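Engineer: If you scroll down you'll find the structure; I have some questions about it.
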Number of protein chains: 2
Amino acid sequence: MKPTPVYQQIADDLRRQISDGTFPPGSQMPTEAELLEKYGELHGVRSRQTIRQGLGVLVHEGLIEARRPKGYFVIQRKRLVYRPQAELRQKPPEVDIFTNLVQEEDGRTPSQEIEVSIVDPTAAIRERLGLAPGELAAARRRVRKLDDVPYNLNDSYVRLDLVQGTDFMHPGDVARGTNAVLGELGHELVYGFHEFYLRMPMPDEVQRLQLGAGVPVAEHLSTTFDSEGNAVQVTVNLIPGDRHVIVFETHREAGTDAPRIPWGNP
Amino acid sequence: MKPTPVYQQIADDLRRQISDGTFPPGSQMPTEAELLEKYGELHGVRSRQTIRQGLGVLVHEGLIEARRPKGYFVIQRKRLVYRPQAELRQKPPEVDIFTNLVQEEDGRTPSQEIEVSIVDPTAAIRERLGLAPGELAAARRRVRKLDDVPYNLNDSYVRLDLVQGTDFMHPGDVARGTNAVLGELGHELVYGFHEFYLRMPMPDEVQRLQLGAGVPVAEHLSTTFDSEGNAVQVTVNLIPGDRHVIVFETHREAGTDAPRIPWGNP
DNA sequence: CCGATTGCATTGACCAGACAATGCGTTGCG
DNA sequence: CGCAACGCATTGTCTGGTCAATGCAATCGG
């Protein structure tokens with residue numbers, strides 16, 4: 001039987017105290033010096049590095065954060081509802097997947113920055129759009145924010161010749177929605193295929209989304225098809241795990257209305 | 001402008017070399033000693049701890065792992081398809097959400113360990129099942145494995161008096177499926193509500209699922225309702241992010257058949 | 001030949017410091 | 001008063017070690 005390292009014991013001890021309410025969300029943890037004194041008596045710890053290693057475990061688990069020079073604090077953040085099924089619903093056009101979820105929050109002002117460009121798509125995009133190597137795509141990149149903190153990234157790709165010169169390329173809000181624009185072009189979106197890949201963020205994503213340590217992301221690839229079965233649009237959403245709960249519903253028969261969540265988080 | 005710490009520069013440098021193919025998936029990284037020599041010349045690093053700190057960043061990102069005493073290796077693991085929509089499909093009963101996804105893999109043998117018990121459910125379960133505090137539930141806990149490595153956890157909860165004495169409580173495979181059992185009891189499942197919470201795993205989950213460092217999990221809460229709108233069953237799935245891609249589809253009209261994925265990972 | 005032992009390279013854990021960076025509160029000056 | 005300068009508690013980075021644990025390979029004994 002191998003003994004668990006001291007720094008793990010410290011992490012486990014502190015984690016337990018967080019989950020049992022000794023350190024409620026938002027409260028301050030003891031400082032490194034205080035912990036050194038405490039665990040020095042309990043486990044004979046003598047180096048601050050060992051305490052830091054233990055705290056580091058919890059930081060990487062996304063449970064606490066260091067606010068220099070105040071100390072360590074227990075994290076809690078409210079999650080917004082991310083509802084991928086809203087995209088294909090025949091609802092008022094202004095209710096897109098983002099404004100839809102923001103509606104459920106009061107007192108917070110949503111905003112988005114839109115940037116349109118022509119790109120040589122990555123292999124993943126190309127595969128899903130059925131493009132040949134070298135064929136170009138129109139990219140519509142959005143950063144969606146709430147009270148100026150970024151909530152997710154949303155990059156849509158469409159075959160270039162399909163939308164060249166249309167409102168899709170307009171760098172700003174399109175009142176009737178870009179999906180309506182695609183509909184006017186004869187490509188009404190009727191089927192969506194969704195993939196979620198879970199992973200830790202890359203450093204540039206950490207910066208763009210202002211992510212804390214230990215926050216995983218979901219890369220949501222949404223491929224939408226027209227009635228003839230052609231892949232029309234691929235959307236890459238990057239969803240910070242600590243700010244969202246992903247929700248959808250399944251029916252045995254045809255669907256009816258959008259559900260609400262009457263429950264809190266687990 | 002603040003200078004980036006040396007250990008971050010090392011992590012960034014190694015990360016770039018991983019993503020540009022200098023260190024392909026599965027290959028071995030230079031050892032700590034080699035890196036110390038290299039970055040000693042480049043950045044004047046003199047302590048092994050600093051090298052370890054840099055490597056630690058990549059370990060926590062789930063990009064590399066340490067295999068003592070061989071060295072550090074670049075990670076890649078194949079992802080299975082996790083298809084929450086399969087649960088309510090009227091298909092051959094043996095095709096449940098897990099055997100369904102395993103079908104798509106050849107040469108791997110699935111197995112599951114089932115354990116049935118009577119529990120006082122947590123607040124989250126209670127809320128979703130609409131139980132009063134103190135009311136008990138039947139729990140059917142499964143660990144699903146592939147070639148003896150755990151692939152996910154699956155715990156189903158049903159109000160106890162609903163299934164007391166039925167096949168639901170049978171600790172082993174139920175050939176026709178437990179959902180069929182619930183159907184025979186007059187509670188055919190017609191509507192499912194799905195929530196996904198992304199986070200880093202707790203240490204006990206790390207052990208049960210044999211997770212490496214830097215692997216996030218999705219907690220998938222599936223609440224299923226009968227035709228009268230009663231919540232019948234809550235299932236808590238714990239899905240390791242590195243072993244799955246979560247997939248589902250949306251239709252503008254009523255659905256038809258299950259889709260396949262012709263694409264690789266991004 | 002074969003199995004047990006030993007050696008060795010590598011990572012894991014920990015120590016005992018040093019100095020830098022940060023942001024908040026206080027102090028003191030005009 | 002208003003504001004700049006300073007002090008101070010706290011975390012961040014890095015040094016330069018020591019000893020332990022691990023698993024593989026080479027060696028040795030029968």
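In the structure tokens, each chain is lettered A, B, ... as it comes, each chain's residues begin at 1, and ligands are numbered from 1 in order of appearance.
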Near chain B, which residues of chain D fall within 9 Å when you count only C-alpha atoms (C1' of nucleotides), and what do they look like as a list of chain:residue names?
Structural biologist: D:DT13, D:DC14, D:DT15, D:DG16, D:DT22, D:DG23, D:DC24
Engineer: At a cut-off of 10 Å, which residues of chain C touch chain B? Count only C-alpha atoms (C1' of nucleotides) and give the answer as a VMD selection string.
Structural biologist: chain C and resid 9 to 12 21
Engineer: With N, CA and C atoms (P, O5', C5', C4', C3', O3' and C1' of nucleotides) kept, could you save the residues just selected as a short mmCIF file (atom, residue, chain, number, x, y, z; two decimals), in the first residue's frame?
Structural biologist:
data_model
loop_
_atom_site.label_atom_id
_atom_site.label_comp_id
_atom_site.auth_asym_id
_atom_site.auth_seq_id
_atom_site.Cartn_x
_atom_site.Cartn_y
_atom_site.Cartn_z
P DA C 9 22.43 5.45 -15.79
"O5'" DA C 9 21.22 6.15 -16.55
"C5'" DA C 9 20.54 5.43 -17.56
"C4'" DA C 9 19.06 5.78 -17.53
"C3'" DA C 9 18.78 7.28 -17.47
"O3'" DA C 9 17.82 7.59 -18.46
"C1'" DA C 9 17.61 6.14 -15.74
P DT C 10 17.45 9.08 -18.81
"O5'" DT C 10 16.12 9.33 -17.99
"C5'" DT C 10 14.98 8.52 -18.28
"C4'" DT C 10 13.97 8.66 -17.19
"C3'" DT C 10 13.65 10.11 -16.80
"O3'" DT C 10 12.47 10.52 -17.43
"C1'" DT C 10 13.70 8.59 -14.94
P DT C 11 11.89 11.99 -17.18
"O5'" DT C 11 10.89 11.78 -15.95
"C5'" DT C 11 9.80 10.88 -16.09
"C4'" DT C 11 9.18 10.56 -14.75
"C3'" DT C 11 8.47 11.74 -14.06
"O3'" DT C 11 7.23 11.28 -13.56
"C1'" DT C 11 10.02 10.78 -12.59
P DG C 12 6.29 12.23 -12.68
"O5'" DG C 12 6.70 11.85 -11.18
"C5'" DG C 12 6.21 10.66 -10.60
"C4'" DG C 12 6.16 10.80 -9.10
"C3'" DG C 12 5.54 12.10 -8.59
"O3'" DG C 12 4.71 11.79 -7.48
"C1'" DG C 12 7.75 11.92 -7.78
P DA C 21 9.31 42.10 -10.94
"O5'" DA C 21 7.80 41.83 -10.51
"C5'" DA C 21 7.18 40.63 -10.93
"C4'" DA C 21 5.74 40.61 -10.45
"C3'" DA C 21 4.96 41.91 -10.66
"O3'" DA C 21 3.70 41.55 -11.18
"C1'" DA C 21 4.87 41.27 -8.38
#
Engineer: What does the distance between CA of Gly44 (chain B) and CA of Asp12 (chain B) come to in Å, to one decimal place?
Structural biologist: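 Going from CA of Gly44 (chain B) over to CA of Asp12 (chain B), I get 16.6 Å.
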Engineer: Up to 8 Å from chain A, what residues of chain B turn up? Count only C-alpha atoms and give them as a compact mmCIF listing (two decimals) with N, CA and C atoms, in the first residue's frame.
Structural biologist:
# COMPACT_ATOMS: atom_id res chain seq x y z
N HIS B 60 -1.51 18.97 -17.15
CA HIS B 60 -2.82 19.42 -16.70
C HIS B 60 -3.73 19.78 -17.86
N GLU B 61 -3.15 20.02 -19.02
CA GLU B 61 -3.98 20.27 -20.20
C GLU B 61 -4.37 18.97 -20.88
N GLY B 62 -3.87 17.86 -20.36
CA GLY B 62 -4.23 16.58 -20.96
C GLY B 62 -3.49 16.29 -22.25
N GLN B 85 -29.64 10.40 -27.71
CA GLN B 85 -30.96 10.23 -28.32
C GLN B 85 -31.35 8.78 -28.50
N LEU B 88 -34.49 6.82 -26.26
CA LEU B 88 -35.94 6.76 -26.46
C LEU B 88 -36.35 6.15 -27.80
N ARG B 89 -35.36 5.74 -28.57
CA ARG B 89 -35.71 5.18 -29.86
C ARG B 89 -36.40 3.84 -29.73
N GLN B 90 -37.41 3.62 -30.60
CA GLN B 90 -38.11 2.33 -30.57
C GLN B 90 -37.35 1.34 -31.43
N ALA B 123 -30.38 15.75 -3.35
CA ALA B 123 -31.35 16.81 -3.62
C ALA B 123 -31.59 16.96 -5.12
N ALA B 124 -30.52 16.83 -5.92
CA ALA B 124 -30.66 17.00 -7.37
C ALA B 124 -31.60 15.94 -7.95
N GLU B 127 -35.28 16.53 -6.67
CA GLU B 127 -35.94 17.60 -7.42
C GLU B 127 -36.47 17.12 -8.75
N ARG B 128 -35.63 16.42 -9.46
CA ARG B 128 -36.00 16.02 -10.82
C ARG B 128 -37.06 14.93 -10.83
N LEU B 189 -41.86 5.63 -21.56
CA LEU B 189 -41.07 6.86 -21.60
C LEU B 189 -41.21 7.51 -22.98
N VAL B 190 -41.73 8.74 -22.98
CA VAL B 190 -41.96 9.38 -24.27
C VAL B 190 -41.20 10.69 -24.44
N TYR B 191 -40.65 11.21 -23.33
CA TYR B 191 -39.99 12.51 -23.42
C TYR B 191 -38.76 12.50 -22.53
N GLY B 192 -37.65 12.97 -23.07
CA GLY B 192 -36.42 13.03 -22.29
C GLY B 192 -35.86 14.44 -22.23
N PHE B 193 -35.39 14.82 -21.06
CA PHE B 193 -34.79 16.14 -20.88
C PHE B 193 -33.35 15.96 -20.44
N HIS B 194 -32.44 16.59 -21.17
CA HIS B 194 -31.03 16.30 -20.97
C HIS B 194 -30.24 17.54 -20.56
N GLU B 195 -29.42 17.38 -19.54
CA GLU B 195 -28.55 18.46 -19.08
C GLU B 195 -27.12 17.96 -19.04
N PHE B 196 -26.20 18.78 -19.51
CA PHE B 196 -24.78 18.44 -19.46
C PHE B 196 -24.02 19.50 -18.67
N TYR B 197 -23.37 19.07 -17.60
CA TYR B 197 -22.54 19.96 -16.80
C TYR B 197 -21.08 19.56 -17.00
N LEU B 198 -20.28 20.52 -17.43
CA LEU B 198 -18.85 20.26 -17.65
C LEU B 198 -18.05 20.68 -16.44
N ARG B 199 -17.13 19.83 -16.05
CA ARG B 199 -16.28 20.16 -14.90
C ARG B 199 -15.09 19.23 -14.86
N MET B 200 -14.18 19.50 -13.92
CA MET B 200 -13.09 18.57 -13.67
C MET B 200 -13.61 17.52 -12.68
N PRO B 201 -13.10 16.29 -12.81
CA PRO B 201 -13.61 15.21 -11.97
C PRO B 201 -13.16 15.31 -10.53
N GLY B 214 -5.89 16.22 -16.26
CA GLY B 214 -6.34 17.13 -17.31
C GLY B 214 -7.46 16.59 -18.17
N VAL B 215 -8.16 15.58 -17.70
CA VAL B 215 -9.31 15.06 -18.45
C VAL B 215 -10.60 15.56 -17.80
N PRO B 216 -11.35 16.42 -18.52
CA PRO B 216 -12.61 16.89 -17.95
C PRO B 216 -13.69 15.83 -18.10
N VAL B 217 -14.77 15.99 -17.36
CA VAL B 217 -15.90 15.07 -17.50
C VAL B 217 -17.17 15.87 -17.77
N ALA B 218 -18.14 15.20 -18.38
CA ALA B 218 -19.48 15.78 -18.50
C ALA B 218 -20.39 14.97 -17.60
N GLY B 241 -14.22 13.08 -20.81
CA GLY B 241 -14.13 13.87 -22.02
C GLY B 241 -13.17 13.32 -23.06
N ASP B 242 -12.15 12.58 -22.64
CA ASP B 242 -11.16 12.14 -23.61
C ASP B 242 -11.58 10.87 -24.33
N HIS B 244 -14.93 10.20 -25.37
CA HIS B 244 -16.23 10.28 -26.01
C HIS B 244 -16.36 11.52 -26.88
N VAL B 245 -17.22 11.41 -27.87
CA VAL B 245 -17.77 12.59 -28.51
C VAL B 245 -19.28 12.46 -28.37
N ILE B 246 -19.89 13.53 -27.88
CA ILE B 246 -21.34 13.50 -27.64
C ILE B 246 -22.03 13.96 -28.92
N VAL B 247 -22.97 13.17 -29.37
CA VAL B 247 -23.58 13.44 -30.67
C VAL B 247 -25.10 13.39 -30.58
N PHE B 248 -25.75 14.34 -31.20
CA PHE B 248 -27.19 14.21 -31.42
C PHE B 248 -27.59 15.05 -32.62
N GLU B 249 -28.86 14.90 -33.00
CA GLU B 249 -29.32 15.56 -34.21
C GLU B 249 -30.60 16.32 -33.93
N THR B 250 -30.84 17.35 -34.73
CA THR B 250 -32.08 18.11 -34.60
C THR B 250 -32.77 18.15 -35.95
N HIS B 251 -34.08 18.10 -35.90
CA HIS B 251 -34.87 18.13 -37.13
C HIS B 251 -35.84 19.29 -37.08
N ARG B 252 -36.11 19.84 -38.26
CA ARG B 252 -37.19 20.81 -38.31
C ARG B 252 -38.52 20.07 -38.35
N GLU B 253 -38.54 18.93 -39.08
CA GLU B 253 -39.74 18.08 -39.03
C GLU B 253 -39.43 16.88 -38.15
N ALA B 254 -40.38 15.94 -38.12
CA ALA B 254 -40.20 14.74 -37.30
C ALA B 254 -39.01 13.94 -37.81
N GLY B 255 -38.35 13.28 -36.88
CA GLY B 255 -37.13 12.57 -37.21
C GLY B 255 -37.38 11.26 -37.92
N TRP B 263 -17.06 11.62 -40.35
CA TRP B 263 -15.91 12.51 -40.21
C TRP B 263 -14.98 12.08 -39.08
N GLY B 264 -13.79 12.57 -39.14
CA GLY B 264 -12.85 12.35 -38.03
C GLY B 264 -12.95 13.48 -37.02
N ASN B 265 -12.15 13.38 -35.99
CA ASN B 265 -12.14 14.43 -34.96
C ASN B 265 -11.45 15.69 -35.47
N PRO B 266 -11.80 16.82 -34.87
CA PRO B 266 -11.20 18.08 -35.32
C PRO B 266 -9.75 18.20 -34.85
Engineer: So how many Å separate CA of Gly54 (chain B) and CA of Tyr39 (chain B), to one decimal?
Structural biologist: 11.1 Å
Engineer: Pick out each residue of region 70-254 of chain B that DSSP on the backbone tags as strand (DSSP E); I need them as a VMD selection string.
Structural biologist: chain B and resid 71 to 74 80 to 82 110 to 119 137 to 146 149 to 159 189 to 199 217 to 226 231 to 240 244 to 251
Engineer: Set the distance at 12 Å and use only C-alpha atoms (C1' of nucleotides): which residues neighbour DT6 (chain C) once local chain neighbours fewer than 5 positions away are removed? I'd like the list as a list in words.
Structural biologist: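 Selected residues are DA25, DA26, DT27 and DC28 of chain D.
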Engineer: Given only C-alpha atoms (C1' of nucleotides) as the basis, pick out the residue of D:DG7, D:DG17, D:DG12, D:DG30 nearest to DA16 (chain C).
Structural biologist: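 Distance minimum relative to DA16 (chain C) lands on D:DG17.
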Engineer: What is the distance, in Å and to one decimal place, between CA of Leu209 (chain A) and CA of Lys145 (chain A)?
Structural biologist: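 Between CA of Leu209 (chain A) and CA of Lys145 (chain A) the gap is 9.3 Å.
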Engineer: Considering only helix (DSSP H, G or I) as DSSP defines it on the backbone, what residues of region 2-244 of chain B qualify? List them as a ChimeraX atom specification.
Structural biologist: /B:6-19,32-43,48-60,84-88,97-103,123-129,160-163,167-169,178-184,203-209
